[in-house]
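Q: File name work27.tsv; file contents TSV, C-alpha atoms and all ligand atoms; full text below.
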```tsv
chain	number	residue	atom	x	y	z
A	293	MET	CA	53.16	122.09	-7.19
A	294	GLU	CA	56.75	122.77	-6.16
A	295	SER	CA	55.86	122.18	-2.50
A	296	ILE	CA	54.25	118.82	-3.19
A	297	LYS	CA	55.39	116.01	-0.89
A	298	PRO	CA	55.66	112.26	-1.46
A	299	LEU	CA	52.25	110.64	-0.98
A	300	GLN	CA	51.52	108.81	2.20
A	301	PHE	CA	48.33	106.86	2.66
A	302	ASP	CA	47.11	106.34	6.20
A	303	GLY	CA	48.46	103.07	7.56
A	304	VAL	CA	50.10	102.03	4.27
A	305	SER	CA	53.85	101.51	3.93
A	306	THR	CA	55.55	103.77	1.38
A	307	LYS	CA	57.84	100.94	0.34
A	308	ARG	CA	57.86	100.55	-3.46
A	309	PRO	CA	55.58	99.57	-5.03
A	310	MET	CA	52.51	100.94	-3.28
A	311	VAL	CA	49.80	98.79	-4.84
A	312	ILE	CA	46.24	99.85	-5.58
A	313	ALA	CA	44.18	96.98	-6.94
A	314	GLY	CA	40.58	96.09	-7.61
A	315	PRO	CA	38.14	95.72	-10.43
A	316	CYS	CA	37.65	98.15	-13.27
A	317	SER	CA	34.02	98.45	-12.13
A	318	ALA	CA	31.99	97.58	-9.09
A	319	GLU	CA	29.40	95.17	-10.48
A	320	SER	CA	27.79	93.47	-7.50
A	321	GLU	CA	28.27	93.28	-3.75
A	322	GLU	CA	29.47	89.71	-4.06
A	323	GLN	CA	32.03	90.51	-6.77
A	324	ILE	CA	33.36	93.44	-4.75
A	325	LEU	CA	33.65	91.56	-1.47
A	326	THR	CA	35.12	88.37	-2.95
A	327	THR	CA	37.73	90.33	-4.89
A	328	ALA	CA	38.54	92.58	-1.92
A	329	HIS	CA	39.02	89.70	0.53
A	330	ASP	CA	41.28	87.85	-1.92
A	331	LEU	CA	43.33	90.97	-2.61
A	332	SER	CA	43.61	91.68	1.10
A	333	LYS	CA	44.94	88.15	1.64
A	334	ALA	CA	47.49	88.88	-1.09
A	335	GLY	CA	48.70	91.86	0.96
A	336	VAL	CA	47.00	94.66	-0.99
A	337	LYS	CA	46.15	97.63	1.25
A	338	ILE	CA	44.32	99.91	-1.18
A	339	PHE	CA	41.22	98.75	-3.06
A	340	ARG	CA	39.98	100.41	-6.24
A	341	ALA	CA	36.61	100.09	-7.98
A	342	GLY	CA	34.91	102.33	-10.52
A	343	ILE	CA	31.39	103.31	-9.48
A	344	TRP	CA	30.78	105.71	-12.37
A	345	LYS	CA	32.38	104.55	-15.61
A	346	PRO	CA	33.28	106.87	-18.49
A	347	ARG	CA	32.59	104.72	-21.57
A	348	THR	CA	33.57	105.62	-25.09
A	349	LYS	CA	30.10	105.00	-26.49
A	350	PRO	CA	26.66	105.12	-24.90
A	351	GLY	CA	24.82	101.91	-24.25
A	352	GLY	CA	27.66	100.08	-22.48
A	353	PHE	CA	27.90	99.39	-18.77
A	354	GLU	CA	28.25	102.83	-17.18
A	355	GLY	CA	28.80	101.67	-13.63
A	356	VAL	CA	26.36	100.75	-10.88
A	357	GLY	CA	26.38	104.29	-9.45
A	358	LEU	CA	25.24	105.11	-5.94
A	359	ILE	CA	24.27	101.58	-4.92
A	360	GLY	CA	27.93	100.55	-5.14
A	361	LEU	CA	29.14	102.96	-2.44
A	362	PRO	CA	27.89	100.86	0.52
A	363	TRP	CA	29.77	97.87	-0.98
A	364	LEU	CA	33.00	99.86	-0.71
A	365	GLN	CA	32.11	100.81	2.88
A	366	LYS	CA	31.73	97.11	3.58
A	367	VAL	CA	35.18	96.44	2.07
A	368	LYS	CA	36.66	99.00	4.45
A	369	LYS	CA	34.89	97.48	7.43
A	370	GLU	CA	35.60	93.85	6.63
A	371	THR	CA	39.19	94.10	5.35
A	372	GLY	CA	40.57	97.37	6.73
A	373	MET	CA	41.73	98.33	3.24
A	374	LEU	CA	41.52	101.94	2.07
A	375	VAL	CA	39.04	102.36	-0.77
A	376	ALA	CA	39.42	104.44	-3.92
A	377	THR	CA	37.07	105.42	-6.71
A	378	GLU	CA	37.01	107.61	-9.82
A	379	VAL	CA	35.26	110.97	-9.78
A	380	ALA	CA	34.48	113.17	-12.75
A	381	THR	CA	31.77	115.60	-11.58
A	382	ARG	CA	30.73	117.67	-8.56
A	383	ALA	CA	28.05	115.08	-7.75
A	384	HIS	CA	30.54	112.20	-7.83
A	385	VAL	CA	32.86	114.03	-5.44
A	386	GLU	CA	30.06	114.87	-2.99
A	387	LEU	CA	28.66	111.34	-3.01
A	388	ALA	CA	32.12	109.77	-2.64
A	389	LEU	CA	33.03	112.06	0.26
A	390	ASN	CA	29.70	111.40	2.00
A	391	ALA	CA	30.33	107.68	1.67
A	392	GLY	CA	33.74	107.99	3.35
A	393	ILE	CA	35.79	107.00	0.30
A	394	ASP	CA	39.47	107.34	1.29
A	395	ILE	CA	41.15	108.13	-2.02
A	396	LEU	CA	39.82	109.70	-5.24
A	397	TRP	CA	41.25	109.32	-8.71
A	398	ILE	CA	40.67	111.37	-11.79
A	399	GLY	CA	40.37	109.45	-15.07
A	400	ALA	CA	42.24	110.20	-18.27
A	401	ARG	CA	39.22	111.68	-20.03
A	402	THR	CA	38.60	114.03	-17.12
A	403	SER	CA	42.16	115.23	-16.56
A	404	ALA	CA	42.09	116.32	-20.23
A	405	ASN	CA	39.18	118.65	-19.46
A	406	PRO	CA	40.00	121.88	-17.57
A	407	PHE	CA	36.31	122.69	-16.91
A	408	ALA	CA	35.73	119.31	-15.27
A	409	MET	CA	39.01	119.60	-13.33
A	410	GLN	CA	38.07	123.04	-12.02
A	411	GLU	CA	34.64	121.81	-10.96
A	412	ILE	CA	36.23	118.92	-9.06
A	413	ALA	CA	38.83	121.22	-7.49
A	414	ASP	CA	36.12	123.69	-6.39
A	415	THR	CA	34.13	120.87	-4.82
A	416	LEU	CA	37.22	119.67	-2.94
A	417	GLN	CA	38.03	123.12	-1.50
A	418	GLY	CA	38.88	122.63	2.17
A	419	VAL	CA	38.80	118.82	2.03
A	420	ASP	CA	41.83	116.76	3.02
A	421	ILE	CA	41.86	113.66	0.83
A	422	PRO	CA	44.50	112.07	-1.42
A	423	VAL	CA	43.75	112.52	-5.13
A	424	LEU	CA	45.50	110.62	-7.91
A	425	VAL	CA	45.47	112.20	-11.35
A	426	LYS	CA	45.80	110.01	-14.43
A	427	ASN	CA	47.56	111.44	-17.44
A	428	PRO	CA	45.18	112.99	-19.97
A	429	VAL	CA	44.31	110.76	-22.95
A	430	ASN	CA	46.55	112.89	-25.18
A	431	PRO	CA	50.29	113.23	-24.51
A	432	ASP	CA	50.20	116.75	-23.08
A	433	LEU	CA	52.38	117.15	-20.02
A	434	GLU	CA	51.25	120.74	-19.37
A	435	LEU	CA	47.59	119.68	-19.34
A	436	TRP	CA	48.44	116.91	-16.85
A	437	ILE	CA	50.34	119.34	-14.63
A	438	GLY	CA	47.53	121.89	-14.99
A	439	ALA	CA	45.00	119.35	-13.72
A	440	MET	CA	47.12	118.75	-10.62
A	441	GLN	CA	47.70	122.47	-10.13
A	442	ARG	CA	43.95	123.11	-9.98
A	443	LEU	CA	43.70	120.62	-7.10
A	444	LYS	CA	46.75	122.06	-5.40
A	445	ASN	CA	45.28	125.59	-5.65
A	446	ALA	CA	42.10	124.29	-4.02
A	447	GLY	CA	44.15	123.21	-1.00
A	448	ILE	CA	44.61	119.52	-1.81
A	449	THR	CA	48.08	118.60	-0.57
A	450	ARG	CA	48.12	114.85	-1.10
A	451	ILE	CA	48.40	114.53	-4.86
A	452	GLY	CA	49.85	111.72	-6.96
A	453	ALA	CA	50.12	111.11	-10.71
A	454	ILE	CA	49.29	107.95	-12.65
A	455	HIS	CA	50.82	107.15	-16.02
A	456	ARG	CA	48.24	105.04	-17.89
A	457	GLY	CA	49.54	105.57	-21.40
A	458	PHE	CA	48.23	107.77	-24.23
A	459	SER	CA	45.72	106.87	-26.87
A	460	ALA	CA	46.74	106.63	-30.52
A	461	TYR	CA	44.83	105.95	-33.69
A	462	GLY	CA	44.98	102.45	-35.14
A	463	LYS	CA	45.91	99.05	-33.78
A	464	HIS	CA	48.95	98.83	-31.54
A	465	ILE	CA	50.54	96.39	-29.13
A	466	TYR	CA	49.44	98.64	-26.28
A	467	ARG	CA	45.92	99.84	-25.68
A	468	ASN	CA	47.37	103.17	-24.58
A	469	MET	CA	50.94	103.84	-25.59
A	470	PRO	CA	53.39	104.32	-22.75
A	471	GLN	CA	55.52	107.41	-23.30
A	472	TRP	CA	57.88	107.02	-20.39
A	473	HIS	CA	59.76	110.23	-21.12
A	474	ILE	CA	56.63	112.20	-20.15
A	475	PRO	CA	56.31	110.95	-16.53
A	476	ILE	CA	60.12	111.10	-16.30
A	477	GLU	CA	60.02	114.78	-17.26
A	478	LEU	CA	57.18	115.24	-14.74
A	479	GLN	CA	59.38	113.68	-12.06
A	480	ARG	CA	62.31	115.88	-13.08
A	481	ARG	CA	60.17	118.99	-12.58
A	482	PHE	CA	58.54	117.78	-9.36
A	483	PRO	CA	61.04	115.41	-7.74
A	484	ASN	CA	58.83	114.74	-4.70
A	485	LEU	CA	55.65	113.95	-6.62
A	486	SER	CA	54.65	110.29	-6.24
A	487	ILE	CA	54.07	108.62	-9.59
A	488	PHE	CA	52.14	105.43	-10.20
A	489	CYS	CA	51.87	103.29	-13.30
A	490	ASP	CA	48.62	101.70	-14.46
A	491	PRO	CA	49.79	98.75	-16.58
A	492	SER	CA	46.18	97.56	-17.02
A	493	HIS	CA	44.94	100.47	-19.13
A	494	MET	CA	48.35	100.84	-20.74
A	495	GLY	CA	48.64	97.24	-21.93
A	496	GLY	CA	44.98	96.39	-22.36
A	497	LYS	CA	45.85	92.71	-22.03
A	498	ARG	CA	46.66	90.43	-19.13
A	499	GLU	CA	50.01	89.28	-20.44
A	500	LEU	CA	51.38	92.83	-20.49
A	501	ILE	CA	50.71	93.52	-16.79
A	502	ALA	CA	53.88	91.83	-15.50
A	503	PRO	CA	56.37	93.30	-18.00
A	504	LEU	CA	54.90	96.81	-17.73
A	505	SER	CA	54.90	96.65	-13.93
A	506	GLN	CA	58.55	95.60	-14.01
A	507	GLN	CA	59.39	98.41	-16.41
A	508	ALA	CA	57.67	100.90	-14.11
A	509	MET	CA	59.67	99.62	-11.14
A	510	ASP	CA	62.91	99.77	-13.13
A	511	MET	CA	62.13	103.39	-13.91
A	512	GLY	CA	61.64	104.25	-10.28
A	513	PHE	CA	57.84	104.61	-10.15
A	514	ASP	CA	56.41	104.67	-6.63
A	515	GLY	CA	53.39	102.50	-7.16
A	516	LEU	CA	51.08	100.49	-9.38
A	517	MET	CA	47.35	100.62	-10.01
A	518	ILE	CA	46.25	97.24	-11.33
A	519	GLU	CA	42.80	96.03	-12.29
A	520	SER	CA	41.87	92.79	-10.56
A	521	HIS	CA	38.58	90.91	-10.69
A	522	CYS	CA	37.51	87.64	-9.04
A	523	ASN	CA	36.25	86.39	-12.40
A	524	PRO	CA	37.87	88.49	-15.14
A	525	ASN	CA	36.29	86.67	-18.08
A	526	CYS	CA	32.86	87.76	-16.88
A	527	ALA	CA	33.80	91.39	-16.13
A	528	LEU	CA	31.35	93.98	-17.43
A	529	SER	CA	34.15	96.35	-18.48
A	530	ASP	CA	37.81	95.90	-19.48
A	531	LYS	CA	37.70	92.13	-19.15
A	532	ASP	CA	40.78	91.45	-21.29
A	533	GLN	CA	43.06	93.39	-18.97
A	534	GLN	CA	41.84	92.24	-15.56
A	535	ILE	CA	43.67	89.57	-13.61
A	536	THR	CA	42.58	87.46	-10.65
A	537	PRO	CA	43.91	88.36	-7.18
A	538	GLU	CA	45.85	85.09	-7.36
A	539	ILE	CA	47.72	86.14	-10.52
A	540	LEU	CA	48.25	89.61	-9.08
A	541	ASN	CA	49.89	88.00	-6.06
A	542	ILE	CA	52.21	85.96	-8.30
A	543	ILE	CA	53.16	89.05	-10.33
A	544	MET	CA	53.89	91.05	-7.17
A	545	ASN	CA	56.06	88.27	-5.81
A	546	THR	CA	58.11	88.05	-8.99
A	547	LEU	CA	58.64	91.81	-9.39
A	548	VAL	CA	62.24	92.82	-8.91
A	549	VAL	CA	62.35	96.13	-7.08
A	550	ARG	CA	65.79	97.66	-7.14
A	551	ASP	CA	67.21	100.56	-5.27
A	552	THR	CA	66.50	103.62	-7.42
A	553	THR	CA	69.58	105.56	-6.40
A	554	GLN	CA	72.05	102.87	-7.39
A	555	THR	CA	73.93	103.05	-10.68
A	556	THR	CA	76.58	100.40	-10.92
A	557	GLU	CA	79.63	100.05	-13.09
A	558	SER	CA	78.14	97.00	-14.78
A	559	LEU	CA	75.15	99.14	-15.78
A	560	THR	CA	77.51	101.54	-17.55
A	561	LEU	CA	79.10	98.61	-19.35
A	562	LEU	CA	75.74	97.25	-20.42
A	563	ARG	CA	74.70	100.68	-21.66
A	564	GLN	CA	77.88	100.91	-23.73
A	565	GLN	CA	76.95	97.62	-25.35
A	566	ILE	CA	73.48	98.94	-26.14
A	567	ASP	CA	75.00	102.07	-27.72
A	568	GLN	CA	77.25	99.90	-29.88
A	569	ILE	CA	74.36	97.69	-30.99
A	570	ASP	CA	72.28	100.76	-31.85
A	571	ASN	CA	75.12	102.09	-34.01
A	572	ASP	CA	75.29	98.76	-35.81
A	573	LEU	CA	71.51	98.75	-36.27
A	574	ILE	CA	71.52	102.22	-37.81
A	575	GLU	CA	74.41	101.33	-40.11
A	576	ALA	CA	72.62	98.19	-41.25
A	577	LEU	CA	69.48	100.22	-41.92
A	578	GLY	CA	71.55	102.68	-43.96
A	579	LYS	CA	72.83	99.77	-46.09
A	580	ARG	CA	69.30	98.46	-46.50
A	581	MET	CA	68.09	101.85	-47.70
A	582	ARG	CA	70.90	102.08	-50.26
A	583	ILE	CA	69.81	98.76	-51.74
A	584	SER	CA	66.24	99.92	-51.62
A	585	ARG	CA	67.19	102.93	-53.74
A	586	GLU	CA	68.83	100.60	-56.27
A	587	ILE	CA	65.60	98.65	-56.42
A	588	GLY	CA	63.80	101.97	-56.92
A	589	GLN	CA	66.07	102.68	-59.90
A	590	TYR	CA	65.28	99.26	-61.38
A	591	LYS	CA	61.53	99.78	-60.91
A	592	LYS	CA	61.79	103.18	-62.56
A	593	GLU	CA	63.59	101.77	-65.60
A	594	HIS	CA	61.01	99.00	-65.93
A	595	SER	CA	57.97	101.22	-65.19
A	596	MET	CA	57.04	99.17	-62.15
A	597	PRO	CA	55.00	100.56	-59.21
A	598	VAL	CA	56.96	101.36	-56.05
A	599	VAL	CA	54.75	99.41	-53.66
A	600	GLN	CA	54.06	95.75	-54.23
A	601	THR	CA	51.67	94.63	-51.54
A	602	ASN	CA	52.46	90.90	-51.84
A	603	ARG	CA	56.11	91.53	-51.18
A	604	TYR	CA	55.31	93.88	-48.29
A	605	ASP	CA	52.99	91.31	-46.74
A	606	SER	CA	55.52	88.53	-46.97
A	607	ILE	CA	58.26	90.77	-45.45
A	608	LEU	CA	56.01	91.66	-42.50
A	609	ASN	CA	55.03	88.06	-41.83
A	610	SER	CA	58.44	86.48	-42.25
A	611	ARG	CA	60.14	89.10	-40.06
A	612	ALA	CA	57.44	88.75	-37.39
A	613	GLN	CA	57.97	84.99	-37.44
A	614	LEU	CA	61.72	85.41	-37.06
A	615	ALA	CA	61.19	87.83	-34.18
A	616	ILE	CA	58.96	85.32	-32.41
A	617	GLU	CA	61.65	82.66	-32.79
A	618	MET	CA	64.07	85.06	-31.12
A	619	GLY	CA	61.82	85.71	-28.14
A	620	MET	CA	60.31	89.02	-29.27
A	621	SER	CA	56.73	89.85	-30.03
A	622	GLY	CA	55.62	89.51	-33.63
A	623	ASP	CA	53.52	92.67	-33.33
A	624	PHE	CA	56.57	94.60	-32.20
A	625	MET	CA	58.56	93.47	-35.26
A	626	LYS	CA	55.64	94.30	-37.56
A	627	THR	CA	55.61	97.84	-36.15
A	628	VAL	CA	59.36	98.09	-36.78
A	629	TYR	CA	59.00	96.83	-40.36
A	630	GLN	CA	56.07	99.10	-41.09
A	631	ALA	CA	58.32	102.04	-40.23
A	632	ILE	CA	61.24	100.65	-42.25
A	633	HIS	CA	58.98	100.03	-45.23
A	634	GLU	CA	57.57	103.54	-45.01
A	635	GLU	CA	61.07	105.01	-45.20
A	636	SER	CA	62.01	102.62	-47.99
A	637	VAL	CA	58.99	103.71	-50.03
A	638	ARG	CA	59.87	107.36	-49.40
A	639	GLN	CA	63.40	106.74	-50.68
A	640	GLN	CA	62.14	104.97	-53.82
A	641	ILE	CA	59.68	107.76	-54.59
A	642	GLU	CA	62.58	110.21	-54.39
A	643	ILE	CA	64.40	108.15	-57.06
A	644	LEU	CA	61.26	108.03	-59.17
A	645	ASN	CA	60.93	111.81	-59.11
A	646	LYS	CA	64.56	112.47	-60.01
B	701	LIG	C1	39.75	103.10	-14.95
B	701	LIG	O1	40.67	103.26	-14.14
B	701	LIG	O2	38.96	102.15	-14.90
B	701	LIG	C2	39.65	104.03	-16.09
B	701	LIG	C3	38.50	104.32	-16.68
B	701	LIG	O3	40.85	104.46	-16.47
B	701	LIG	P1	41.35	105.58	-17.52
B	701	LIG	O4	40.79	106.86	-17.06
B	701	LIG	O5	42.83	105.45	-17.36
B	701	LIG	O6	40.88	105.15	-18.88
B	702	MN	MN	39.13	100.03	-16.56
```
Mind converting the file's structure to structure tokens?

A:
Amino acid sequence: MESIKPLQFDGVSTKRPMVIAGPCSAESEEQILTTAHDLSKAGVKIFRAGIWKPRTKPGGFEGVGLIGLPWLQKVKKETGMLVATEVATRAHVELALNAGIDILWIGARTSANPFAMQEIADTLQGVDIPVLVKNPVNPDLELWIGAMQRLKNAGITRIGAIHRGFSAYGKHIYRNMPQWHIPIELQRRFPNLSIFCDPSHMGGKRELIAPLSQQAMDMGFDGLMIESHCNPNCALSDKDQQITPEILNIIMNTLVVRDTTQTTESLTLLRQQIDQIDNDLIEALGKRMRISREIGQYKKEHSMPVVQTNRYDSILNSRAQLAIEMGMSGDFMKTVYQAIHEESVRQQIEILNK
């Protein structure tokens, strides 16, 4: 892995961001070709489409399979774009290679599985093709690196990583939580490794694609993999997170891509302000907890229960409302207040047990 070089796709500029776009799944020849032509017009050079889909539960749409491969060949022929698809088994790899697919990617459920990764690596022995490896579903950097190492050991030299977020139990703002420090640590260990961000699977909703893409650019990511469908509302998989090629074009044109090597004096000043605000925030929280303990004392003396759900509910809702008025997401503020409330309850229980 140490000798890994920055990824270069044939005929595609390495200027940030390298964009890979296309539908979650190939559904029909018409959907594939319409989407591909529109993306090509928007300047996209690499087209993605899932042919075999790993679904959480059986019974859903599991991809069109083999019949979709000629559609991707047609995309190549008609638009000149490179085509990429997901592979998870020996058979997928063989079929994709036979069909002349240009780029393979490994999904998050597969990169978490060393047996599957080894099988894919063995099948790719002696083949020269770029392979992009998504982070495993669980936040395990070593497992992610291990998946790439298996490919590297099989002789694959063109390897890239994709941060698509990590799954977590319960309802969250993100479908898969970004944990930016993990790809940043990956980059620190392998400075030449190209890293992409997949804001579609990370956010799970259309409105998060633009801010997550911007965040990825601000953090120096090399590229983006974005799901795009000619008619997202009718998509057979991941419809809430797919955007039309037209919207993708708008997002790309509004992305601000800064020079990654530049750190300016004004940045230092802004960071100092952030540090100061964080100190103030922590102090304010300390004060809040002290009052909370006083409340705990009162509840103890009056034999009242620590948690009163009505009060908790009204705190969550009123704070979320305030956050919205100040241009933040209500869900974000609810997450913050859930954590604050948890600590507050812990403090009151301590008082109770004294
Ligand atoms: C996909 O790219 O459509 C996909 C299934 O992604 P992930 O492996 O990130 O869930
Ligand atoms: Mn998808």

Q: Could you jot down the CA of Ile324 in chain A to CA of Trp363 in chain A separation for me, Å, one decimal place?

A: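 The value is 6.8 Å.
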
Q: The residues within 10 Å of (43.7, 115.5, -18.1), using all atoms listed in the file and the coordinates of the file, should be reported as a list in words; which are they?

A: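 Protein, DNA and RNA residues close to (43.7, 115.5, -18.1): Ile398, Gly399, Ala400, Arg401, Thr402, Ser403, Ala404, Asn405, Pro406, Ala408, Met409, Val425, Lys426, Asn427, Pro428, Val429, Asn430, Pro431, Asp432, Leu433, Glu434, Leu435, Trp436, Ile437, Gly438, Ala439 and Met440 of chain A.
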
Q: Please provide the set of residues having any atom within 8 Å of range 485-493 of chain A, restricted to only C-alpha atoms, with same-chain residues fewer than 4 positions apart removed, written as an MDAnalysis selection string.

A: chainID A and resid 296:299 451:457 467:468 475 479 497:498 500:501 504:505 508 513:519 533:534

Q: Could you tell me how far CA of Met511 in chain A sits from CA of Asp330 in chain A, in Å to one decimal place?

A: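 Those two atoms sit 28.6 Å apart.
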
Q: So, with all atoms listed in the file as the atoms that count, which of A:Gln630, A:Gln471, A:Asn602, A:Thr377 lies closest to ligand MN 702 (chain B)?

A: A:Thr377

Q: If I wrap all listed atoms of ligand LIG 701 (chain B) in a box with edges along x, y and z and add 3 Å on each side, what are its centre and edge lengths in Å to one decimal, as AutoDock Vina command-line options?

A:
```
--center_x 40.7 --center_y 104.5 --center_z -16.5 --size_x 10.3 --size_y 10.7 --size_z 10.7
```

Q: Need the shell around Val548 in chain A: protein/DNA/RNA residues with any atom at most 12 Å away, counting all atoms listed in the file. Skip same-chain ones fewer than 6 positions apart. Format as a ChimeraX atom specification?

A: /A:308-309,502-503,505-512

Q: Rounded to one decimal, what separation in Å do you get between CA of Val419 in chain A and CA of Asn390 in chain A?

A: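 Straight-line distance from CA of Val419 in chain A to CA of Asn390 in chain A works out to 11.7 Å.
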
Q: Determine the nearest neighbour of Gly447 in chain A from the options A:Asn545, A:Ser295, A:Ser320, A:Gln568, counting all atoms listed in the file.

A: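 Once distances to Gly447 in chain A are computed over all atoms listed in the file, the minimum belongs to A:Ser295.
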
Q: From the options A:Gly495, A:Gly360, A:Gly303, A:Gly351, which residue's atoms come nearest to Ile465 in chain A, counting all atoms listed in the file?

A: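 Among A:Gly495, A:Gly360, A:Gly303, A:Gly351, it is A:Gly495 that comes nearest to Ile465 in chain A.
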
Q: I want to know what sits within 6 Å of Val375 in chain A, based on only C-alpha atoms, with residues of the same chain fewer than 5 positions away left out; could you give that as number ranges by chain?

A: A: 338-340, 393-394

Q: Counting all atoms listed in the file, which of A:Glu378, A:Glu642, A:Glu411, A:Asp567 gets nearest to Leu396 in chain A?

A: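 Distance minimum relative to Leu396 in chain A lands on A:Glu378.
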
Q: Residues at most 10 Å from Ala527 in chain A, counting all atoms listed in the file, excluding those fewer than 2 positions away in the same chain, as a list of chain:residue names?

A: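 Neighbouring residues, sequence-local ones excluded: A:Pro315, A:Cys316, A:Ser317, A:Ala318, A:Glu319, A:Gln323, A:Ser520, A:His521, A:Cys522, A:Asn523, A:Pro524, A:Asn525, A:Ser529, A:Asp530, A:Lys531, A:Asp532, A:Gln533, A:Gln534.
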
Q: Compare A:Leu364, A:Leu325, A:Met494, A:Ile474 by their minimum atom-to-atom distance to ligand MN 702 (chain B), counting all atoms listed in the file, and give me the closest one.

A: A:Met494

Q: Considering only C-alpha atoms, state which residue in the set A:Thr326, A:Thr306, A:Gln365, A:Gln300 is at the smallest distance from Thr536 in chain A.

A: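 That would be A:Thr326, the residue with the smallest distance to Thr536 in chain A.
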
Q: May I have the residues at most 10 Å from (47.7, 96.3, -32.9) in the file's coordinates, counting all atoms listed in the file, as a PyMOL selection string?

A: chain A and resi 462-467+623-624+626-627
